[in-house]
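Structure first, then comments.
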Amino acid sequence: MSDSLLSHRIKNMPVSQTLAMAAKARELKEAGRDIISLSLGEPDFHVPDFIKKAAIQAINDNYNSYSPINGYLDLRQSICKKFKRDNGLIYKPEQIVVSTGAKQALANAALVLLNPGDEVLLPAPYWVSYSAIVTLAEAKYIEIPTTIDTDFKITPKQLEDAITPKTKLIIFNSPNNPSGMVYSEKEYRALAKVLEKYPDIYIISDEIYEYLNFEALSFSFAAIESMYDRTITINGVSKAFAMTGWRMGYIGAPEWIAKACTKIQGQITSGANCISQRATIAALEAPVSSIQYMIDEFNKRRLLILDLLKNIKGFKTTKPLGAFYVLPDVSYYFGKTIKGQKINNAGDFSLLLLEKVNVATVTGEAFGAPNCIRISYSASQENIKEAMRRISELLNS
Ligand code: PMP
Ligand code: GLU
C-alpha cells in the first residue's frame with residue numbers, strides 16, 4: 001500500500017494542528033510527563049445538569065431513529081427563538097440546518113457554494129480548519145493579513161483590495177479563534193458597505209464564541225439588512241455549553257442554501273445525533289444566565305493570563321476581548337538559541353515550550369499568524385499560573 005494511491009484531496013490536506021497538538025500533549029501525559037495543555041480550545045467544565053437530564057430523558061423516551069436530515073422541527077424552532085432573542089435575526093425553521101458540530105456546518109456551506117477556482121477571503125489570523133475546508137472544496141483561499149498593531153482586524157480598504165472577479169465567499173469569525181478579537185457593530189457595518197458593492201460575494205459568519213464576549217456587545221453580521229440574504233450564520237453548543245464531544249452545530253441561512261446543505265448532509269452523514277439534538281433544545285431554551293458562571297470564570301482566566309503574560313520577556317500581546325485564546329507575537333525569539341535549541345519560527349518556539357517546560361501551545365503558522373503562538377486559557381487558574389511560571393522561568397533566565 002502506498003500513500004500515492006490516496007486522492008489529491010487528502011494528499012493536499014494538512015492535519016488539524018489544534019487536534020494534532022492536543023493528541024501529542026495527551027500522549028506525553030500518558031507517558032508520564034507533567035504536561036500542562038494550553039493547546040486545545042475546549043471548555044474544562046462539565047455539561048450543566050439540566051442539559052444532561054434532557055439527554056437522559058431522550059434516551060428513556062426512545063429517541064433512537066434517524067432524525068430528519070436538517071434536524072428535529074422543535075429543535076429548529078428553538079434555534080429560531082435563540083437567533084431572535086440573542087441576535088435579532090428572524091429565521092424560519094426551513095432556514096436552519098442542524099449538523100454534527102459547527103465544523104460540519106462549515107464544510108457543508110463551503111461544499112455547496114464553492115466551485116474549483118473560486119476565491120475565498122480569509123481575514124488572518126483564522127481558525128485552522130477554514131483553509132483546509134476551502135481547499136477540500138477545490139477553491140483557493142486568499143489571506144487578508146493583519147498584525148497585532150491593528151488588533152488583528154481587517155480594514156474596509158484591505159477588504160476591497162482583496163476582492164477580485166473570482167471572489168465568492170468571505171469567512172468572518174468574531175469573537176475570533178485564535179486572536180480573541182471582536183469586531184464592533186460599527187466595524188462590521190463599514191465592511192458591509194464594501195460588500196454591498198459586490199452582490200455576488202457570500203459571507204459565512206462563524207459566531208460560535210458569541211457568549212464568550214467579555215467587554216463588547218455581540219453583533220451578528222446577518223443583522224445588517226443588506227447582508228441578511230447572503231450570509232450563513234454559524235453557531236453551535238460546543239463552546240458555550242461545554243458540549244464539544246456532543247457534536248452539535250447549526251446554521252441560519254437563505255432557504256436555498258439551507259436546502260443545499262440538507263441535500264449534501266443527506267448523502268454524507270444524515271441527521272445529527274438524536275440525543276444531542278434533544279439536549280440542545282434544553283440548552284438553547286435556557287436563559288443565558290444559566291451558563292454565566294462559566295463565562296465569568298473564563299473572564300477571570302483571561303485577566304489572569306494577561307497579567308502574567310506581561311512579565312514574560314519578548315512576548316507582545318493584544319488584549320483579547322472574547323473566545324478563550326491569546327495570541328502573543330513571539331518573533332523576538334526568531335534567530336535566537338534558547339537552551340541549545342535554535343528558534344527559526346513559531347513552530348520551533350511552540351516545540352521549545354513543550355520540550356523544555358512541558359507546556360503545550362499551538363503554532364500560529366497554522367492560523368495564518370506566523371509570528372505568534374496560540375495559548376488557550378480554557379484551563380484551570382492553577383494550571384495557567386503554573387504554565388506561565390514555567391515559561392517565564394525558561395525565558396527570563
Ligand atoms: N469555529 C471555530 C472558530 C472554532 O474554534 C471551532 C472549534 N471547535 C469550530 C468552529 C467547530 O466547533 P464544533 O465543531 O465543535 O461545533
Ligand atoms: N476549535 C478548537 C480549537 O481551535 C477545538 C479543536 C478543533 O476542532 O480544531 O482548538
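So you can find residues: chains in the C-alpha cells are A, B, ... in the order shown, residues in each start at 1, and ligands are numbered from 1 in order.
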Can you list every residue of chain A that has an atom at most 7 Å from ligand 1, with its nearest atom pair and the distance in Å to one decimal, using only C-alpha atoms and all ligand atoms, ordered by chain then number, as a tab-separated table?
residue	atom	partner	partner_atom_place_in_ligand_line	distance
A:Gly41	CA	ligand 1	7 (C)	6.7
A:Thr100	CA	ligand 1	14 (O)	7.0
A:Gly101	CA	ligand 1	16 (O)	3.6
A:Ala102	CA	ligand 1	16 (O)	3.5
A:Lys103	CA	ligand 1	14 (O)	3.8
A:Gln104	CA	ligand 1	14 (O)	6.5
A:Trp127	CA	ligand 1	3 (C)	5.4
A:Asn173	CA	ligand 1	3 (C)	6.2
A:Asn176	CA	ligand 1	3 (C)	6.4
A:Asn177	CA	ligand 1	3 (C)	5.0
A:Asp206	CA	ligand 1	1 (N)	6.0
A:Ile208	CA	ligand 1	1 (N)	5.8
A:Gly236	CA	ligand 1	16 (O)	5.1
A:Val237	CA	ligand 1	16 (O)	6.5
A:Ser238	CA	ligand 1	15 (O)	4.9
A:Thr244	CA	ligand 1	15 (O)	5.0
A:Arg247	CA	ligand 1	15 (O)	5.9
A:Met248	CA	ligand 1	16 (O)	5.8
A:Gly249	CA	ligand 1	16 (O)	4.9
Emit the selected residues as a short mmCIF file (atom, residue, chain, number, x, y, z; two decimals), in the first residue's frame, including N, CA and C atoms.
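Resulting contents of out06.cif:
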data_model
loop_
_atom_site.label_atom_id
_atom_site.label_comp_id
_atom_site.auth_asym_id
_atom_site.auth_seq_id
_atom_site.Cartn_x
_atom_site.Cartn_y
_atom_site.Cartn_z
N GLY A 41 -8.80 24.33 22.30
CA GLY A 41 -9.86 25.24 22.70
C GLY A 41 -11.09 24.46 23.10
N THR A 100 -23.45 17.92 12.59
CA THR A 100 -22.55 17.27 13.55
C THR A 100 -21.39 18.24 13.87
N GLY A 101 -21.71 19.23 14.68
CA GLY A 101 -20.73 20.26 15.03
C GLY A 101 -20.76 21.40 14.03
N ALA A 102 -20.27 22.55 14.49
CA ALA A 102 -20.15 23.70 13.60
C ALA A 102 -19.17 23.38 12.48
N LYS A 103 -18.26 22.45 12.75
CA LYS A 103 -17.29 22.05 11.73
C LYS A 103 -18.00 21.47 10.51
N GLN A 104 -18.96 20.58 10.75
CA GLN A 104 -19.68 20.04 9.60
C GLN A 104 -20.55 21.12 8.95
N TRP A 127 -9.22 30.46 11.99
CA TRP A 127 -9.21 29.12 12.57
C TRP A 127 -8.69 28.10 11.54
N ASN A 173 -15.10 35.63 11.57
CA ASN A 173 -15.22 34.88 12.83
C ASN A 173 -14.94 35.83 13.99
N ASN A 176 -12.97 35.93 17.84
CA ASN A 176 -12.10 35.19 16.92
C ASN A 176 -11.22 34.13 17.61
N ASN A 177 -11.16 33.01 16.94
CA ASN A 177 -10.16 31.99 17.24
C ASN A 177 -9.15 32.11 16.11
N ASP A 206 -19.03 33.04 11.43
CA ASP A 206 -18.89 31.99 12.45
C ASP A 206 -18.95 32.65 13.82
N ILE A 208 -19.49 31.09 16.83
CA ILE A 208 -19.52 30.04 17.86
C ILE A 208 -19.06 30.53 19.24
N GLY A 236 -23.17 26.99 17.46
CA GLY A 236 -23.21 25.63 17.99
C GLY A 236 -23.13 25.67 19.51
N VAL A 237 -23.14 24.50 20.12
CA VAL A 237 -23.16 24.47 21.59
C VAL A 237 -21.84 24.02 22.21
N SER A 238 -20.83 23.71 21.36
CA SER A 238 -19.57 23.19 21.89
C SER A 238 -18.95 24.09 22.95
N THR A 244 -18.46 19.96 23.68
CA THR A 244 -17.63 19.71 22.48
C THR A 244 -17.84 18.31 21.90
N ARG A 247 -21.11 17.08 19.67
CA ARG A 247 -21.09 17.35 18.23
C ARG A 247 -22.42 17.92 17.72
N MET A 248 -22.63 19.17 18.05
CA MET A 248 -23.89 19.80 17.66
C MET A 248 -23.65 21.24 17.22
N GLY A 249 -23.86 21.50 15.93
CA GLY A 249 -23.74 22.85 15.39
C GLY A 249 -24.92 23.13 14.47
#
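Neighbours of ligand 2 at a cut-off of 8 Å, computed so that only C-alpha atoms and all ligand atoms are counted, are the residues Ser16, Gln17, Thr18, Leu19, Ser39, Leu40, Gly41, Glu42, Lys103, Trp127, Val128, Ser129, Asn177, Pro178 and Ser376 of chain A.
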Pull all heavy atoms from the residues just selected and write them as a compact mmCIF listing (two decimals), in the first residue's frame.
# COMPACT_ATOMS: atom_id res chain seq x y z
N SER A 16 -5.15 18.75 11.21
CA SER A 16 -5.57 19.87 12.07
C SER A 16 -4.51 20.05 13.16
O SER A 16 -4.28 19.16 13.98
CB SER A 16 -6.94 19.55 12.69
OG SER A 16 -7.15 20.40 13.81
N GLN A 17 -3.85 21.21 13.15
CA GLN A 17 -2.76 21.46 14.11
C GLN A 17 -3.26 21.55 15.55
O GLN A 17 -2.54 21.22 16.49
CB GLN A 17 -2.02 22.75 13.75
CG GLN A 17 -1.12 22.62 12.55
CD GLN A 17 -0.02 21.59 12.74
OE1 GLN A 17 0.62 21.54 13.79
NE2 GLN A 17 0.19 20.75 11.76
N THR A 18 -4.50 22.01 15.72
CA THR A 18 -5.04 22.10 17.08
C THR A 18 -5.23 20.69 17.65
O THR A 18 -4.81 20.39 18.76
CB THR A 18 -6.40 22.82 17.07
OG1 THR A 18 -7.21 22.25 16.04
CG2 THR A 18 -6.22 24.30 16.82
N LEU A 19 -5.81 19.82 16.82
CA LEU A 19 -6.07 18.45 17.29
C LEU A 19 -4.77 17.67 17.39
O LEU A 19 -4.59 16.85 18.29
CB LEU A 19 -7.08 17.74 16.37
CG LEU A 19 -8.46 18.40 16.29
CD1 LEU A 19 -9.39 17.59 15.39
CD2 LEU A 19 -9.10 18.53 17.67
N SER A 39 -3.29 23.93 24.66
CA SER A 39 -3.36 23.85 23.20
C SER A 39 -4.80 23.83 22.69
O SER A 39 -5.15 24.58 21.78
CB SER A 39 -2.61 22.61 22.69
OG SER A 39 -3.13 21.45 23.27
N LEU A 40 -5.64 23.02 23.28
CA LEU A 40 -6.97 22.83 22.69
C LEU A 40 -7.98 23.85 23.21
O LEU A 40 -8.00 24.16 24.40
CB LEU A 40 -7.45 21.41 23.03
CG LEU A 40 -8.58 20.86 22.18
CD1 LEU A 40 -8.19 20.81 20.72
CD2 LEU A 40 -8.97 19.47 22.66
N GLY A 41 -8.80 24.33 22.30
CA GLY A 41 -9.86 25.24 22.70
C GLY A 41 -11.09 24.46 23.10
O GLY A 41 -11.99 24.23 22.29
N GLU A 42 -11.10 24.04 24.35
CA GLU A 42 -12.19 23.16 24.80
C GLU A 42 -12.49 23.46 26.26
O GLU A 42 -11.59 23.33 27.11
CB GLU A 42 -11.72 21.71 24.65
CG GLU A 42 -12.54 20.72 25.40
CD GLU A 42 -12.42 19.33 24.79
OE1 GLU A 42 -11.40 18.66 25.00
OE2 GLU A 42 -13.37 18.95 24.11
N LYS A 103 -18.26 22.45 12.75
CA LYS A 103 -17.29 22.05 11.73
C LYS A 103 -18.00 21.47 10.51
O LYS A 103 -17.71 21.83 9.38
CB LYS A 103 -16.35 21.01 12.34
CG LYS A 103 -14.95 21.04 11.84
CD LYS A 103 -14.10 20.03 12.59
CE LYS A 103 -12.86 20.66 13.15
NZ LYS A 103 -12.02 19.76 13.94
N TRP A 127 -9.22 30.46 11.99
CA TRP A 127 -9.21 29.12 12.57
C TRP A 127 -8.69 28.10 11.54
O TRP A 127 -9.05 28.18 10.35
CB TRP A 127 -10.63 28.74 13.02
CG TRP A 127 -10.74 27.37 13.60
CD1 TRP A 127 -9.89 26.80 14.51
CD2 TRP A 127 -11.72 26.40 13.30
NE1 TRP A 127 -10.30 25.53 14.80
CE2 TRP A 127 -11.43 25.26 14.07
CE3 TRP A 127 -12.83 26.38 12.46
CZ2 TRP A 127 -12.20 24.11 14.03
CZ3 TRP A 127 -13.60 25.23 12.42
CH2 TRP A 127 -13.28 24.11 13.21
N VAL A 128 -7.88 27.17 12.00
CA VAL A 128 -7.14 26.25 11.13
C VAL A 128 -8.00 25.53 10.08
O VAL A 128 -7.54 25.33 8.95
CB VAL A 128 -6.40 25.16 11.95
CG1 VAL A 128 -5.22 25.75 12.69
CG2 VAL A 128 -7.32 24.45 12.93
N SER A 129 -9.20 25.15 10.46
CA SER A 129 -9.97 24.31 9.53
C SER A 129 -10.56 25.08 8.35
O SER A 129 -10.96 24.47 7.36
CB SER A 129 -11.07 23.56 10.28
OG SER A 129 -10.47 22.64 11.17
N ASN A 177 -11.16 33.01 16.94
CA ASN A 177 -10.16 31.99 17.24
C ASN A 177 -9.15 32.11 16.11
O ASN A 177 -9.53 31.95 14.94
CB ASN A 177 -10.82 30.60 17.22
CG ASN A 177 -9.83 29.47 17.41
OD1 ASN A 177 -8.66 29.69 17.68
ND2 ASN A 177 -10.31 28.24 17.26
N PRO A 178 -7.90 32.47 16.33
CA PRO A 178 -7.14 32.38 17.58
C PRO A 178 -6.85 33.71 18.29
O PRO A 178 -6.21 33.69 19.34
CB PRO A 178 -5.81 31.84 17.08
CG PRO A 178 -5.63 32.56 15.77
CD PRO A 178 -7.01 32.66 15.18
N SER A 376 -4.37 28.69 24.70
CA SER A 376 -5.77 28.58 25.09
C SER A 376 -5.84 28.71 26.61
O SER A 376 -5.12 28.00 27.33
CB SER A 376 -6.32 27.23 24.64
OG SER A 376 -7.49 26.95 25.36
Legend entry - Counting only C-alpha atoms, the residue of A:Lys300, A:Arg230, A:Lys316, A:Lys356 that sits nearest Thr147 in chain A: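 Between A:Lys300, A:Arg230, A:Lys316, A:Lys356, the residue approaching Thr147 in chain A most closely is A:Lys316.
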Legend entry - Option closest in space to Tyr183 in chain A, from A:Pro320, A:Pro254, A:Pro165, A:Gly245 [counting only C-alpha atoms]: A:Pro320
Using only C-alpha atoms, which residues of range 269-349 of chain A come within 7 Å of range 69-85 of chain A, and what is the closest atom pair for each, with the distance in Å to one decimal? Give it as a Markdown table, sorted by chain and residue number.
| residue | atom | partner | partner_atom | distance |
| --- | --- | --- | --- | --- |
| A:Ser270 | CA | A:Ile69 | CA | 5.1 |
| A:Gly271 | CA | A:Ile69 | CA | 3.8 |
| A:Ala272 | CA | A:Gly71 | CA | 6.8 |
| A:Gln277 | CA | A:Leu75 | CA | 6.8 |
| A:Ile281 | CA | A:Leu75 | CA | 5.4 |
| A:Leu284 | CA | A:Lys82 | CA | 6.4 |
| A:Glu285 | CA | A:Ser78 | CA | 6.4 |
Serialized selection, N, CA and C atoms, as a PDB file, in the first residue's frame:
ATOM      1  N   SER A 270     -26.394  12.110   7.162  1.00  0.00           N
ATOM      2  CA  SER A 270     -27.805  12.124   7.617  1.00  0.00           C
ATOM      3  C   SER A 270     -27.981  13.112   8.767  1.00  0.00           C
ATOM      4  N   GLY A 271     -29.130  13.014   9.434  1.00  0.00           N
ATOM      5  CA  GLY A 271     -29.396  13.918  10.559  1.00  0.00           C
ATOM      6  C   GLY A 271     -28.381  13.699  11.666  1.00  0.00           C
ATOM      7  N   ALA A 272     -28.100  14.763  12.446  1.00  0.00           N
ATOM      8  CA  ALA A 272     -27.107  14.656  13.520  1.00  0.00           C
ATOM      9  C   ALA A 272     -27.657  13.795  14.664  1.00  0.00           C
ATOM     10  N   GLN A 277     -29.395  16.310  19.897  1.00  0.00           N
ATOM     11  CA  GLN A 277     -30.392  17.284  19.427  1.00  0.00           C
ATOM     12  C   GLN A 277     -31.402  17.600  20.525  1.00  0.00           C
ATOM     13  N   ILE A 281     -32.002  21.338  22.637  1.00  0.00           N
ATOM     14  CA  ILE A 281     -33.229  22.127  22.857  1.00  0.00           C
ATOM     15  C   ILE A 281     -33.193  22.707  24.272  1.00  0.00           C
ATOM     16  N   LEU A 284     -30.606  25.594  24.506  1.00  0.00           N
ATOM     17  CA  LEU A 284     -30.946  26.859  23.840  1.00  0.00           C
ATOM     18  C   LEU A 284     -32.188  27.532  24.429  1.00  0.00           C
ATOM     19  N   GLU A 285     -33.055  26.733  25.041  1.00  0.00           N
ATOM     20  CA  GLU A 285     -34.260  27.323  25.649  1.00  0.00           C
ATOM     21  C   GLU A 285     -33.938  27.973  26.992  1.00  0.00           C
TER      22      GLU A 285
END
Inset, instruction - Using only C-alpha atoms, find the one residue out of A:Leu136, A:Ala190, A:Ile257, A:Ala124 that sits nearest to Phe172 in chain A. - result: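 Closest to Phe172 in chain A, using only C-alpha atoms: A:Ala124.
For the choices A:Ser378, A:Asn64, A:Ser205, A:Asn273, the atom-to-atom distance to Thr361 in chain A is smallest for A:Ser378 when using only C-alpha atoms.
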Inset, instruction - From a DSSP pass on the backbone, collect the residues of range 17-133 of chain A flagged as strand (DSSP E or B) and hand them back as an MDAnalysis selection string. - result: chainID A and resid 36:37 96:99 119:123
